[in-house]
$ cat coords_33.cif   # mmCIF, C-alpha atoms
data_target
loop_
_atom_site.label_atom_id
_atom_site.label_comp_id
_atom_site.auth_asym_id
_atom_site.auth_seq_id
_atom_site.Cartn_x
_atom_site.Cartn_y
_atom_site.Cartn_z
CA MET A 30 -29.39 44.12 20.31
CA LEU A 31 -28.38 41.61 22.99
CA SER A 32 -31.13 39.20 21.90
CA ALA A 33 -29.57 39.04 18.41
CA LEU A 34 -26.32 37.84 19.96
CA SER A 35 -27.92 35.31 22.29
CA VAL A 36 -30.30 33.83 19.71
CA GLY A 37 -27.92 30.92 19.10
CA ILE A 38 -27.79 29.85 22.74
CA LEU A 39 -31.51 30.34 23.26
CA SER A 40 -32.40 28.24 20.21
CA VAL A 41 -30.36 25.15 21.09
CA THR A 42 -32.49 22.01 20.98
CA PHE A 43 -31.93 18.57 22.48
CA GLY A 44 -31.26 17.29 18.94
CA ASN A 45 -28.55 19.92 18.45
CA ILE A 46 -26.84 18.94 21.70
CA LEU A 47 -27.00 15.23 20.84
CA MET A 48 -25.57 15.81 17.36
CA ILE A 49 -22.77 17.99 18.71
CA MET A 50 -21.97 15.14 21.10
CA ILE A 51 -21.93 12.71 18.14
CA GLY A 52 -19.54 15.12 16.40
CA LEU A 53 -17.31 15.08 19.47
CA ILE A 54 -17.43 11.26 19.58
CA LEU A 55 -16.34 11.12 15.92
CA LEU A 56 -13.50 13.51 16.73
CA TYR A 57 -12.52 11.31 19.67
CA LEU A 58 -12.57 8.15 17.52
CA GLY A 59 -10.49 9.87 14.85
CA ILE A 60 -7.94 11.53 17.15
CA LYS A 61 -7.63 9.20 20.11
CA LYS A 62 -8.44 5.82 18.53
CA GLU A 63 -7.10 6.76 15.07
CA TYR A 64 -10.14 5.21 13.32
CA GLU A 65 -9.91 6.62 9.78
CA PRO A 66 -8.87 10.04 11.16
CA ALA A 67 -8.62 11.63 7.70
CA LEU A 68 -12.37 11.26 7.31
CA LEU A 69 -13.80 11.06 10.80
CA ILE A 70 -12.15 14.30 11.98
CA PRO A 71 -13.58 16.47 9.15
CA ILE A 72 -16.96 14.71 9.42
CA GLY A 73 -17.00 15.15 13.22
CA PHE A 74 -16.04 18.81 13.05
CA SER A 75 -18.51 19.50 10.28
CA THR A 76 -21.23 17.78 12.35
CA ILE A 77 -20.62 20.36 15.07
CA LEU A 78 -20.72 23.21 12.55
CA VAL A 79 -24.09 22.21 11.07
CA ASN A 80 -25.78 21.66 14.42
CA VAL A 81 -25.16 25.07 15.89
CA PRO A 82 -28.47 26.97 15.63
CA PHE A 83 -28.40 29.63 12.89
CA SER A 84 -24.96 28.40 11.81
CA SER A 85 -23.59 30.52 8.98
CA ALA A 86 -21.82 27.38 7.70
CA VAL A 87 -25.14 26.06 6.33
CA ASP A 88 -27.97 27.47 4.22
CA GLN A 89 -30.16 29.95 6.10
CA PHE A 90 -32.59 32.82 5.65
CA LEU A 91 -31.51 36.06 7.31
CA ASP A 92 -34.10 38.84 7.23
CA GLY A 93 -35.86 37.01 4.44
CA VAL A 94 -32.69 36.80 2.35
CA PHE A 95 -31.26 33.38 1.45
CA HIS A 96 -27.60 32.85 2.34
CA LYS A 97 -25.81 29.83 0.95
CA GLY A 98 -23.69 28.07 3.57
CA ILE A 99 -20.18 26.94 2.70
CA LEU A 100 -20.85 23.33 3.74
CA ASN A 101 -23.97 23.07 1.57
CA MET A 102 -22.02 24.68 -1.23
CA LEU A 103 -19.26 22.06 -0.90
CA PHE A 104 -21.91 19.32 -0.84
CA ASP A 105 -23.56 20.63 -4.02
CA ILE A 106 -20.25 21.12 -5.82
CA GLY A 107 -18.54 17.90 -4.77
CA ILE A 108 -21.10 15.27 -3.80
CA ILE A 109 -24.16 16.01 -5.92
CA THR A 110 -21.92 16.26 -8.97
CA GLU A 111 -19.98 13.14 -7.82
CA ILE A 112 -16.69 14.99 -8.30
CA PHE A 113 -15.17 14.35 -4.84
CA PRO A 114 -15.53 10.54 -4.73
CA LEU A 115 -14.22 10.28 -8.28
CA LEU A 116 -11.20 12.46 -7.52
CA ILE A 117 -10.51 10.30 -4.48
CA PHE A 118 -10.39 7.35 -6.87
CA VAL A 119 -7.63 9.04 -8.88
CA ALA A 120 -5.68 9.37 -5.62
CA VAL A 121 -6.40 5.77 -4.58
CA GLY A 122 -5.43 4.47 -8.02
CA SER A 123 -2.13 6.31 -7.85
CA MET A 124 -1.32 4.53 -4.58
CA ILE A 125 -2.19 0.97 -5.66
CA ASP A 126 0.33 -1.55 -6.95
CA PHE A 127 -1.47 -4.20 -9.00
CA GLY A 128 1.73 -6.28 -9.20
CA PRO A 129 0.66 -8.95 -6.66
CA LEU A 130 -2.64 -9.39 -8.52
CA LEU A 131 -0.91 -9.67 -11.89
CA GLU A 132 1.45 -12.28 -10.45
CA ASN A 133 -1.50 -14.31 -9.26
CA PRO A 134 -4.62 -13.42 -11.30
CA VAL A 135 -6.74 -16.11 -9.63
CA MET A 136 -7.12 -13.54 -6.84
CA PHE A 137 -9.59 -11.74 -9.10
CA LEU A 138 -12.14 -14.37 -8.11
CA PHE A 139 -11.90 -13.40 -4.44
CA GLY A 140 -12.30 -9.74 -5.37
CA ALA A 141 -15.71 -10.77 -6.67
CA ALA A 142 -16.70 -13.36 -4.07
CA ALA A 143 -16.06 -11.04 -1.13
CA GLN A 144 -18.58 -8.51 -2.46
CA PHE A 145 -21.33 -10.91 -1.35
CA GLY A 146 -22.16 -8.64 1.58
CA ILE A 147 -23.27 -5.83 -0.74
CA PHE A 148 -25.97 -7.85 -2.41
CA ALA A 149 -27.03 -9.89 0.64
CA THR A 150 -27.34 -6.78 2.81
CA MET A 151 -29.42 -5.08 0.15
CA VAL A 152 -31.93 -7.93 0.42
CA VAL A 153 -31.93 -7.75 4.24
CA ALA A 154 -32.42 -3.96 4.13
CA THR A 155 -35.60 -4.30 2.04
CA LEU A 156 -36.92 -6.72 4.68
CA LEU A 157 -36.38 -3.99 7.28
CA GLY A 158 -38.53 -1.54 5.34
CA PHE A 159 -36.03 0.37 3.20
CA ASN A 160 -36.99 0.89 -0.43
CA ILE A 161 -34.81 -0.69 -3.10
CA LYS A 162 -32.74 2.46 -3.76
CA GLU A 163 -32.06 3.03 -0.07
CA ALA A 164 -31.32 -0.69 0.34
CA ALA A 165 -28.77 -0.59 -2.50
CA SER A 166 -27.10 2.44 -0.91
CA ILE A 167 -26.91 0.64 2.43
CA GLY A 168 -25.70 -2.61 0.87
CA ILE A 169 -22.82 -0.79 -0.81
CA ILE A 170 -21.33 -0.17 2.65
CA GLY A 171 -20.19 -3.76 2.12
CA ALA A 172 -17.93 -2.52 -0.68
CA ALA A 173 -15.62 -1.56 2.23
CA ASP A 174 -14.78 1.36 0.05
CA GLY A 175 -15.81 4.84 1.24
CA PRO A 176 -15.82 6.66 -2.11
CA THR A 177 -17.91 3.93 -3.79
CA SER A 178 -20.41 4.04 -0.91
CA ILE A 179 -20.65 7.83 -1.20
CA TYR A 180 -20.91 7.64 -5.00
CA VAL A 181 -23.82 5.18 -4.95
CA ALA A 182 -25.59 6.79 -1.97
CA SER A 183 -25.35 10.23 -3.60
CA ARG A 184 -27.27 8.77 -6.56
CA PHE A 185 -29.95 6.87 -4.69
CA ALA A 186 -30.31 8.11 -1.09
CA LYS A 187 -28.84 11.56 -0.47
CA ASP A 188 -30.65 11.82 2.88
CA LEU A 189 -28.88 8.70 4.13
CA LEU A 190 -25.43 9.85 3.03
CA GLY A 191 -24.36 10.84 6.56
CA PRO A 192 -25.01 7.55 8.36
CA ILE A 193 -23.88 5.49 5.34
CA SER A 194 -20.52 7.31 5.19
CA VAL A 195 -19.99 7.09 8.93
CA ALA A 196 -20.82 3.36 8.87
CA ALA A 197 -18.56 2.71 5.84
CA TYR A 198 -15.53 4.44 7.31
CA SER A 199 -16.08 3.20 10.88
CA TYR A 200 -16.34 -0.46 9.92
CA MET A 201 -13.35 -0.15 7.57
CA SER A 202 -11.28 0.83 10.55
CA LEU A 203 -12.76 -2.07 12.52
CA VAL A 204 -11.65 -4.69 9.98
CA PRO A 205 -8.94 -5.99 12.39
CA ILE A 206 -11.70 -6.81 14.88
CA ILE A 207 -14.50 -7.97 12.56
CA GLN A 208 -12.59 -10.21 10.13
CA PRO A 209 -10.57 -12.46 12.49
CA ALA A 210 -13.71 -13.38 14.44
CA ILE A 211 -15.63 -14.42 11.30
CA ILE A 212 -12.62 -16.24 9.82
CA ARG A 213 -12.05 -18.27 13.01
CA LEU A 214 -15.72 -19.17 13.03
CA LEU A 215 -15.67 -20.49 9.46
CA THR A 216 -12.26 -22.18 9.23
CA THR A 217 -10.35 -24.85 11.08
CA SER A 218 -6.86 -24.30 12.46
CA GLU A 219 -5.53 -26.71 9.79
CA GLU A 220 -7.09 -24.64 7.03
CA ARG A 221 -5.60 -21.44 8.42
CA LYS A 222 -2.16 -23.07 8.34
CA ILE A 223 -2.27 -23.85 4.61
CA LYS A 224 0.82 -22.48 2.89
CA MET A 225 0.57 -21.10 -0.60
CA GLU A 226 3.04 -21.26 -3.43
CA VAL A 227 5.02 -18.08 -4.08
CA LYS A 228 4.60 -16.98 -7.70
CA THR A 229 7.76 -16.30 -9.67
CA VAL A 230 6.32 -14.45 -12.66
CA ARG A 231 8.11 -11.18 -13.25
CA ILE A 232 5.72 -8.34 -13.94
CA ASN A 233 7.45 -5.88 -16.22
CA LYS A 234 6.74 -2.20 -16.72
CA ARG A 235 4.91 -2.77 -20.00
CA ILE A 236 2.35 -5.07 -18.34
CA LYS A 237 1.77 -2.58 -15.53
CA ILE A 238 1.14 0.22 -18.03
CA ILE A 239 -1.21 -1.75 -20.25
CA PHE A 240 -3.18 -3.25 -17.33
CA PRO A 241 -5.09 -0.12 -16.19
CA ILE A 242 -5.94 0.77 -19.79
CA ALA A 243 -7.11 -2.76 -20.60
CA VAL A 244 -9.19 -3.02 -17.40
CA THR A 245 -10.85 0.33 -18.10
CA ILE A 246 -11.81 -0.63 -21.64
CA THR A 247 -12.98 -4.15 -20.72
CA ALA A 248 -14.93 -3.08 -17.62
CA SER A 249 -16.51 -0.15 -19.44
CA LEU A 250 -17.68 -2.38 -22.27
CA LEU A 251 -19.08 -5.01 -19.91
CA ALA A 252 -20.60 -2.62 -17.34
CA PRO A 253 -20.80 0.90 -18.82
CA SER A 254 -22.26 2.29 -15.60
CA SER A 255 -18.96 1.57 -13.85
CA THR A 256 -16.90 3.52 -16.40
CA ALA A 257 -16.45 6.64 -14.25
CA LEU A 258 -15.52 4.66 -11.13
CA VAL A 259 -13.17 2.20 -12.82
CA GLY A 260 -11.84 4.83 -15.22
CA PHE A 261 -10.78 7.30 -12.52
CA LEU A 262 -9.26 4.53 -10.41
CA MET A 263 -7.28 3.22 -13.36
CA PHE A 264 -6.33 6.68 -14.54
CA GLY A 265 -4.72 7.28 -11.15
CA ASN A 266 -2.88 3.98 -11.50
CA LEU A 267 -1.70 4.85 -14.99
CA LEU A 268 -0.25 8.13 -13.66
CA LYS A 269 1.82 6.06 -11.26
CA GLU A 270 2.87 3.31 -13.65
CA CYS A 271 3.54 5.24 -16.85
CA GLY A 272 6.84 6.50 -15.47
CA VAL A 273 6.74 9.89 -17.18
CA LEU A 274 4.41 11.69 -14.75
CA ASN A 275 6.12 11.01 -11.45
CA SER A 276 5.54 14.49 -10.11
CA ILE A 277 1.82 14.40 -11.00
CA ALA A 278 1.51 10.89 -9.57
CA LYS A 279 3.03 12.12 -6.30
CA SER A 280 0.62 15.07 -6.31
CA ALA A 281 -2.30 12.66 -6.76
CA GLN A 282 -1.02 10.49 -3.87
CA ASN A 283 -0.49 13.45 -1.53
CA GLU A 284 -1.93 16.86 -2.36
CA LEU A 285 -4.98 15.67 -4.29
CA ALA A 286 -5.76 12.92 -1.78
CA ASN A 287 -5.39 15.28 1.18
CA ILE A 288 -7.34 18.22 -0.24
CA VAL A 289 -10.23 16.15 -1.58
CA THR A 290 -10.40 14.12 1.65
CA ILE A 291 -10.86 17.33 3.66
CA MET A 292 -13.56 18.58 1.27
CA LEU A 293 -15.26 15.19 1.18
CA GLY A 294 -15.33 14.87 4.97
CA LEU A 295 -16.64 18.39 5.50
CA SER A 296 -19.35 18.00 2.89
CA ILE A 297 -20.49 14.63 4.29
CA GLY A 298 -20.71 16.26 7.71
CA SER A 299 -23.13 18.80 6.25
CA THR A 300 -25.73 16.02 6.04
CA MET A 301 -25.37 15.18 9.74
CA THR A 302 -28.21 17.36 10.95
CA ALA A 303 -30.38 16.27 13.88
CA GLU A 304 -33.48 15.80 11.69
CA LYS A 305 -31.63 13.58 9.20
CA PHE A 306 -29.41 11.64 11.61
CA LEU A 307 -31.46 11.17 14.79
CA ARG A 308 -33.82 8.60 13.33
CA PRO A 309 -34.31 4.89 14.01
CA GLN A 310 -33.13 4.35 10.42
CA THR A 311 -29.62 5.46 11.41
CA LEU A 312 -29.27 2.67 13.94
CA LEU A 313 -30.51 0.16 11.37
CA ILE A 314 -27.98 1.47 8.82
CA LEU A 315 -25.13 1.12 11.31
CA LEU A 316 -26.29 -2.43 12.09
CA LEU A 317 -26.68 -3.32 8.41
CA GLY A 318 -23.20 -1.97 7.70
CA LEU A 319 -21.81 -4.48 10.17
CA VAL A 320 -23.92 -7.23 8.59
CA ALA A 321 -22.47 -6.28 5.18
CA PHE A 322 -18.88 -6.61 6.42
CA ILE A 323 -19.67 -9.98 8.04
CA PHE A 324 -21.31 -11.30 4.85
CA ASP A 325 -18.37 -10.03 2.77
CA THR A 326 -15.85 -11.86 4.89
CA ALA A 327 -17.96 -15.02 4.99
CA GLY A 328 -18.54 -14.88 1.21
CA GLY A 329 -14.81 -14.68 0.51
CA VAL A 330 -13.85 -17.44 2.95
CA LEU A 331 -16.60 -19.84 1.85
CA PHE A 332 -15.80 -19.26 -1.82
CA ALA A 333 -12.16 -20.19 -1.17
CA LYS A 334 -13.30 -23.35 0.64
CA PHE A 335 -15.56 -24.16 -2.30
CA LEU A 336 -12.66 -23.75 -4.75
CA ASN A 337 -10.52 -26.02 -2.58
CA ILE A 338 -12.89 -28.90 -3.31
CA PHE A 339 -11.63 -28.86 -6.90
CA LEU A 340 -8.03 -27.73 -6.44
CA ARG A 341 -5.00 -29.96 -5.99
CA ARG A 342 -2.94 -27.16 -4.44
CA LYS A 343 -5.19 -25.76 -1.76
CA ILE A 344 -5.78 -22.07 -1.18
CA ASN A 345 -5.67 -20.77 2.36
CA PRO A 346 -9.35 -19.83 2.82
CA MET A 347 -8.38 -16.74 4.81
CA ILE A 348 -7.20 -15.23 1.51
CA GLY A 349 -10.83 -15.11 0.43
CA ALA A 350 -11.57 -12.64 3.22
CA ALA A 351 -8.92 -10.28 1.84
CA GLY A 352 -11.11 -9.88 -1.25
CA ILE A 353 -12.89 -6.95 0.40
CA SER A 354 -11.54 -3.63 -0.70
CA ALA A 355 -10.37 -2.30 2.68
CA PHE A 356 -6.85 -1.82 1.35
CA PRO A 357 -4.27 -2.59 2.70
CA MET A 358 -5.70 -3.22 6.16
CA SER A 359 -7.48 -6.45 5.27
CA ALA A 360 -4.33 -7.93 3.66
CA ARG A 361 -2.31 -7.12 6.78
CA VAL A 362 -4.95 -8.68 9.04
CA ILE A 363 -4.97 -11.92 7.02
CA HIS A 364 -1.18 -12.07 6.95
CA GLN A 365 -0.95 -11.56 10.71
CA LEU A 366 -3.66 -14.14 11.33
CA GLY A 367 -1.73 -16.63 9.21
CA ARG A 368 1.48 -15.91 11.13
CA SER A 369 -0.31 -16.35 14.45
CA GLU A 370 -1.28 -19.90 13.35
CA ASP A 371 2.12 -20.70 11.86
CA PRO A 372 4.97 -18.18 12.16
CA THR A 373 6.58 -19.57 8.99
CA ASN A 374 3.49 -18.90 6.86
CA TYR A 375 3.85 -15.87 4.61
CA LEU A 376 0.52 -14.87 3.05
CA LEU A 377 1.03 -11.14 2.58
CA MET A 378 1.50 -11.00 -1.20
CA HIS A 379 -1.42 -13.34 -1.87
CA ALA A 380 -3.60 -11.31 0.47
CA VAL A 381 -2.54 -8.03 -1.17
CA GLY A 382 -3.42 -9.54 -4.56
CA ALA A 383 -6.91 -10.41 -3.33
CA ASN A 384 -7.20 -7.02 -1.65
CA VAL A 385 -6.46 -5.00 -4.82
CA ALA A 386 -8.78 -7.31 -6.75
CA GLY A 387 -11.39 -6.33 -4.15
CA GLN A 388 -10.79 -2.70 -5.05
CA ILE A 389 -11.69 -3.46 -8.68
CA GLY A 390 -14.55 -5.72 -7.56
CA SER A 391 -16.08 -3.07 -5.33
CA VAL A 392 -16.12 -0.32 -7.96
CA LEU A 393 -17.57 -2.77 -10.48
CA ALA A 394 -20.22 -3.80 -7.94
CA GLY A 395 -21.08 -0.11 -7.47
CA GLY A 396 -21.48 0.32 -11.22
CA ILE A 397 -23.56 -2.84 -11.53
CA LEU A 398 -25.89 -1.70 -8.73
CA ILE A 399 -26.30 1.72 -10.34
CA ALA A 400 -27.21 0.05 -13.64
CA LEU A 401 -29.62 -2.51 -12.18
CA VAL A 402 -31.33 -0.39 -9.52
CA GLY A 403 -31.29 2.75 -11.66
CA GLN A 404 -33.49 1.17 -14.30
CA LEU A 405 -36.29 0.31 -11.85
CA MET B 8 -42.72 -6.99 -0.84
CA ASN B 9 -42.08 -5.78 -4.36
CA ASP B 10 -38.80 -4.21 -3.25
CA PHE B 11 -37.79 -7.45 -1.55
CA VAL B 12 -38.41 -9.48 -4.71
CA ASN B 13 -36.52 -6.90 -6.77
CA ALA B 14 -33.65 -6.95 -4.27
CA ILE B 15 -33.34 -10.75 -4.53
CA ARG B 16 -33.46 -10.56 -8.33
CA ILE B 17 -30.92 -7.72 -8.53
CA GLY B 18 -28.76 -9.24 -5.79
CA MET B 19 -28.43 -12.59 -7.54
CA MET B 20 -28.04 -11.11 -10.99
CA GLY B 21 -25.52 -8.53 -9.79
CA TYR B 22 -23.42 -10.95 -7.76
CA PHE B 23 -23.18 -13.62 -10.44
CA PHE B 24 -22.54 -11.01 -13.13
CA LEU B 25 -19.71 -9.59 -11.00
CA ILE B 26 -18.20 -13.05 -10.52
CA GLY B 27 -18.50 -13.62 -14.28
CA VAL B 28 -16.78 -10.32 -15.13
CA LEU B 29 -13.94 -10.90 -12.68
CA PHE B 30 -13.57 -14.49 -13.90
CA LEU B 31 -13.13 -13.04 -17.38
CA PHE B 32 -10.54 -10.62 -15.97
CA PHE B 33 -8.72 -13.56 -14.38
CA PHE B 34 -8.69 -15.43 -17.66
CA LEU B 35 -7.62 -12.43 -19.77
CA THR B 36 -4.98 -11.32 -17.27
CA ARG B 37 -3.41 -14.77 -17.22
CA ILE B 38 -3.11 -14.77 -21.00
CA PHE B 39 -1.97 -11.16 -21.02
CA VAL B 40 0.76 -11.68 -18.41
CA LYS B 41 2.00 -14.86 -20.12
CA LEU B 42 2.08 -13.07 -23.45
CA PHE B 43 3.96 -10.01 -22.27
CA SER B 44 6.37 -11.68 -19.87
CA ARG B 45 7.56 -14.46 -22.19
CA GLY B 46 11.16 -15.34 -21.51
CA GLU B 47 11.23 -13.32 -18.31
CA ARG B 48 11.34 -15.63 -15.32
CA ASN B 49 12.30 -14.44 -11.91
CA ASP B 50 15.02 -16.49 -10.19
CA LYS B 51 14.04 -15.66 -6.63
#
$ encode --input "coords_33.cif" --output "structure tokens"
Amino acid sequence: MLSALSVGILSVTFGNILMIMIGLILLYLGIKKEYEPALLIPIGFSTILVNVPFSSAVDQFLDGVFHKGILNMLFDIGIITEIFPLLIFVAVGSMIDFGPLLENPVMFLFGAAAQFGIFATMVVATLLGFNIKEAASIGIIGAADGPTSIYVASRFAKDLLGPISVAAYSYMSLVPIIQPAIIRLLTTSEERKIKMEVKTVRINKRIKIIFPIAVTITASLLAPSSTALVGFLMFGNLLKECGVLNSIAKSAQNELANIVTIMLGLSIGSTMTAEKFLRPQTLLILLLGLVAFIFDTAGGVLFAKFLNIFLRRKINPMIGAAGISAFPMSARVIHQLGRSEDPTNYLLMHAVGANVAGQIGSVLAGGILIALVGQL
Amino acid sequence: MNDFVNAIRIGMMGYFFLIGVLFLFFFLTRIFVKLFSRGERNDK
């Protein structure tokens, strides 16, 4: 009788202990350092739950009878079916204001240029021995967009979902450290001081309502594989902008976002078992995630510098770095960096424009990767 | 090696396609905003 109660303690392995420690570290980073706490706390806690021997939170056989664990159930319901990341997009869409992008549509170009890290990292990952599907799933960390990373990885590399999600969310919270270093390396002080014209176009309600519908139709026709990603993002935005569903829009911004985030985090944590996580591949994925963010930032900055060769009114090249989709953190970082060079420089709205363009760029990049890699 | 070659091919194709699509968005949005905000200039 007593042995049945002590079986958990007696079966603890070194891997279990290490993974529980990783869970505790994620909890520490989320709670103490406030690095993406909404995701890292559920992932960290779930990591502890799945690494307890004979945990009833995961699938197990008891006396020859199969018992489905709640965490595996959540994973099957929400990740395998792609429901959770898509619902998160509805929430994200309902929080985004595309106004700054509509005022200055040239920012669309940076939303594309700063996705360079996705594609470059995919190439580097194949050199390190990952197959093309795994490499695409790792490269998409460079989307700087957790739900897109999870969406693509759940298609191509379910076993790598844990480290990919942890890398995506960790580096997103490290944008204030990663981006300034790369920007300073690639730009001169004079370039960082460039002031940009403030746009005076008034964006009326009608434009804001038509925009998400038009983007969905255009993007879906050009890249059908991105329809679900773009469509759910834009649907969320339409809820916000249409003006007749304020209560539902608020629910999407709060209740939906909060509930799905908890479910998403817990289900991602269910993949953080010792046998899946404690592999040399995990370290490579974490490293490649950093490489992706560096390439993204460099791609955006260098593209802006390239455009400046042809432009009469120069663009501050730092704006290019805001083309990653880490919204709104990247825009704030660029604005603060600009102010640190010249306190009278006000780049926030331009950076926000590039940042929301990056949101569209990253979901499109995810759809493009699914289409191109999926056909191999 | 095959994966590496495929990754380069997909990487280049994907990146330039993405830039092309977002360039089209830029172009269409400019026209769209001009069309729908005619006569509405902000004084600020």
$ atom_distance --input "coords_33.cif" --atom1 "CA of Gln388 (chain A)" --atom2 "CA of Phe356 (chain A)"
7.6 Å
$ residues_around --input "coords_33.cif" --residues "Val28 (chain B)" --least-positions-apart "2" --cutoff "9 Å" --atoms "only C-alpha atoms" --output "list in words"
Ala141, Ala248, Leu251, Ala252 and Leu393 of chain A; Phe23, Phe24, Leu25, Ile26, Phe30, Leu31, Phe32 and Phe33 of chain B
$ resolve_selection --input "coords_33.cif" --expression "the PyMOL selection byres ((chain B and resi 17) around 8)" --output "list in words"
Phe148, Leu398, Leu401 and Val402 of chain A; Asn13, Ala14, Ile15, Arg16, Gly18, Met19, Met20 and Gly21 of chain B
$ closest_residue --input "coords_33.cif" --among "B:Leu42, B:Phe11, B:Phe34, B:Leu29" --to "Val392 (chain A)" --atoms "all atoms listed in the file"
B:Leu29
$ interface_residues --input "coords_33.cif" --of "chain A" --to "chain B" --cutoff "6 Å" --atoms "only C-alpha atoms" --output "JSON, numbers by chain"
{"A": [134, 135, 137, 138, 141, 148, 152, 155, 161, 229, 230, 231]}
$ atom_distance --input "coords_33.cif" --atom1 "CA of His96 (chain A)" --atom2 "CA of Leu295 (chain A)"
18.4 Å
$ decode --input "coords_33.cif" --residues "region 226-239 of chain A" --atoms "N, CA and C atoms" --output "PDB file, in the first residue's frame"
ATOM      1  N   GLU A 226       9.315  63.191 -41.336  1.00  0.00           N
ATOM      2  CA  GLU A 226       8.140  64.053 -41.488  1.00  0.00           C
ATOM      3  C   GLU A 226       6.920  63.410 -40.825  1.00  0.00           C
ATOM      4  N   VAL A 227       6.140  64.248 -40.128  1.00  0.00           N
ATOM      5  CA  VAL A 227       4.906  63.735 -39.516  1.00  0.00           C
ATOM      6  C   VAL A 227       3.788  63.812 -40.552  1.00  0.00           C
ATOM      7  N   LYS A 228       3.138  62.685 -40.791  1.00  0.00           N
ATOM      8  CA  LYS A 228       2.076  62.625 -41.795  1.00  0.00           C
ATOM      9  C   LYS A 228       0.813  63.314 -41.272  1.00  0.00           C
ATOM     10  N   THR A 229       0.101  63.971 -42.180  1.00  0.00           N
ATOM     11  CA  THR A 229      -1.094  64.695 -41.743  1.00  0.00           C
ATOM     12  C   THR A 229      -2.371  64.155 -42.400  1.00  0.00           C
ATOM     13  N   VAL A 230      -2.296  62.936 -42.901  1.00  0.00           N
ATOM     14  CA  VAL A 230      -3.488  62.346 -43.514  1.00  0.00           C
ATOM     15  C   VAL A 230      -4.427  61.912 -42.401  1.00  0.00           C
ATOM     16  N   ARG A 231      -5.695  62.269 -42.541  1.00  0.00           N
ATOM     17  CA  ARG A 231      -6.650  61.825 -41.514  1.00  0.00           C
ATOM     18  C   ARG A 231      -7.237  60.479 -41.948  1.00  0.00           C
ATOM     19  N   ILE A 232      -7.150  59.523 -41.068  1.00  0.00           N
ATOM     20  CA  ILE A 232      -7.682  58.196 -41.375  1.00  0.00           C
ATOM     21  C   ILE A 232      -9.078  58.096 -40.777  1.00  0.00           C
ATOM     22  N   ASN A 233     -10.070  58.077 -41.644  1.00  0.00           N
ATOM     23  CA  ASN A 233     -11.436  58.052 -41.119  1.00  0.00           C
ATOM     24  C   ASN A 233     -11.900  56.624 -40.817  1.00  0.00           C
ATOM     25  N   LYS A 234     -13.055  56.561 -40.205  1.00  0.00           N
ATOM     26  CA  LYS A 234     -13.622  55.281 -39.751  1.00  0.00           C
ATOM     27  C   LYS A 234     -13.817  54.317 -40.926  1.00  0.00           C
ATOM     28  N   ARG A 235     -14.295  54.881 -42.042  1.00  0.00           N
ATOM     29  CA  ARG A 235     -14.592  54.040 -43.212  1.00  0.00           C
ATOM     30  C   ARG A 235     -13.329  53.293 -43.686  1.00  0.00           C
ATOM     31  N   ILE A 236     -12.205  54.016 -43.715  1.00  0.00           N
ATOM     32  CA  ILE A 236     -10.942  53.396 -44.151  1.00  0.00           C
ATOM     33  C   ILE A 236     -10.555  52.271 -43.190  1.00  0.00           C
ATOM     34  N   LYS A 237     -10.714  52.547 -41.897  1.00  0.00           N
ATOM     35  CA  LYS A 237     -10.302  51.544 -40.896  1.00  0.00           C
ATOM     36  C   LYS A 237     -11.193  50.301 -40.935  1.00  0.00           C
ATOM     37  N   ILE A 238     -12.427  50.465 -41.380  1.00  0.00           N
ATOM     38  CA  ILE A 238     -13.321  49.300 -41.485  1.00  0.00           C
ATOM     39  C   ILE A 238     -12.996  48.498 -42.747  1.00  0.00           C
ATOM     40  N   ILE A 239     -12.764  49.214 -43.833  1.00  0.00           N
ATOM     41  CA  ILE A 239     -12.515  48.504 -45.106  1.00  0.00           C
ATOM     42  C   ILE A 239     -11.149  47.804 -45.091  1.00  0.00           C
TER      43      ILE A 239
END
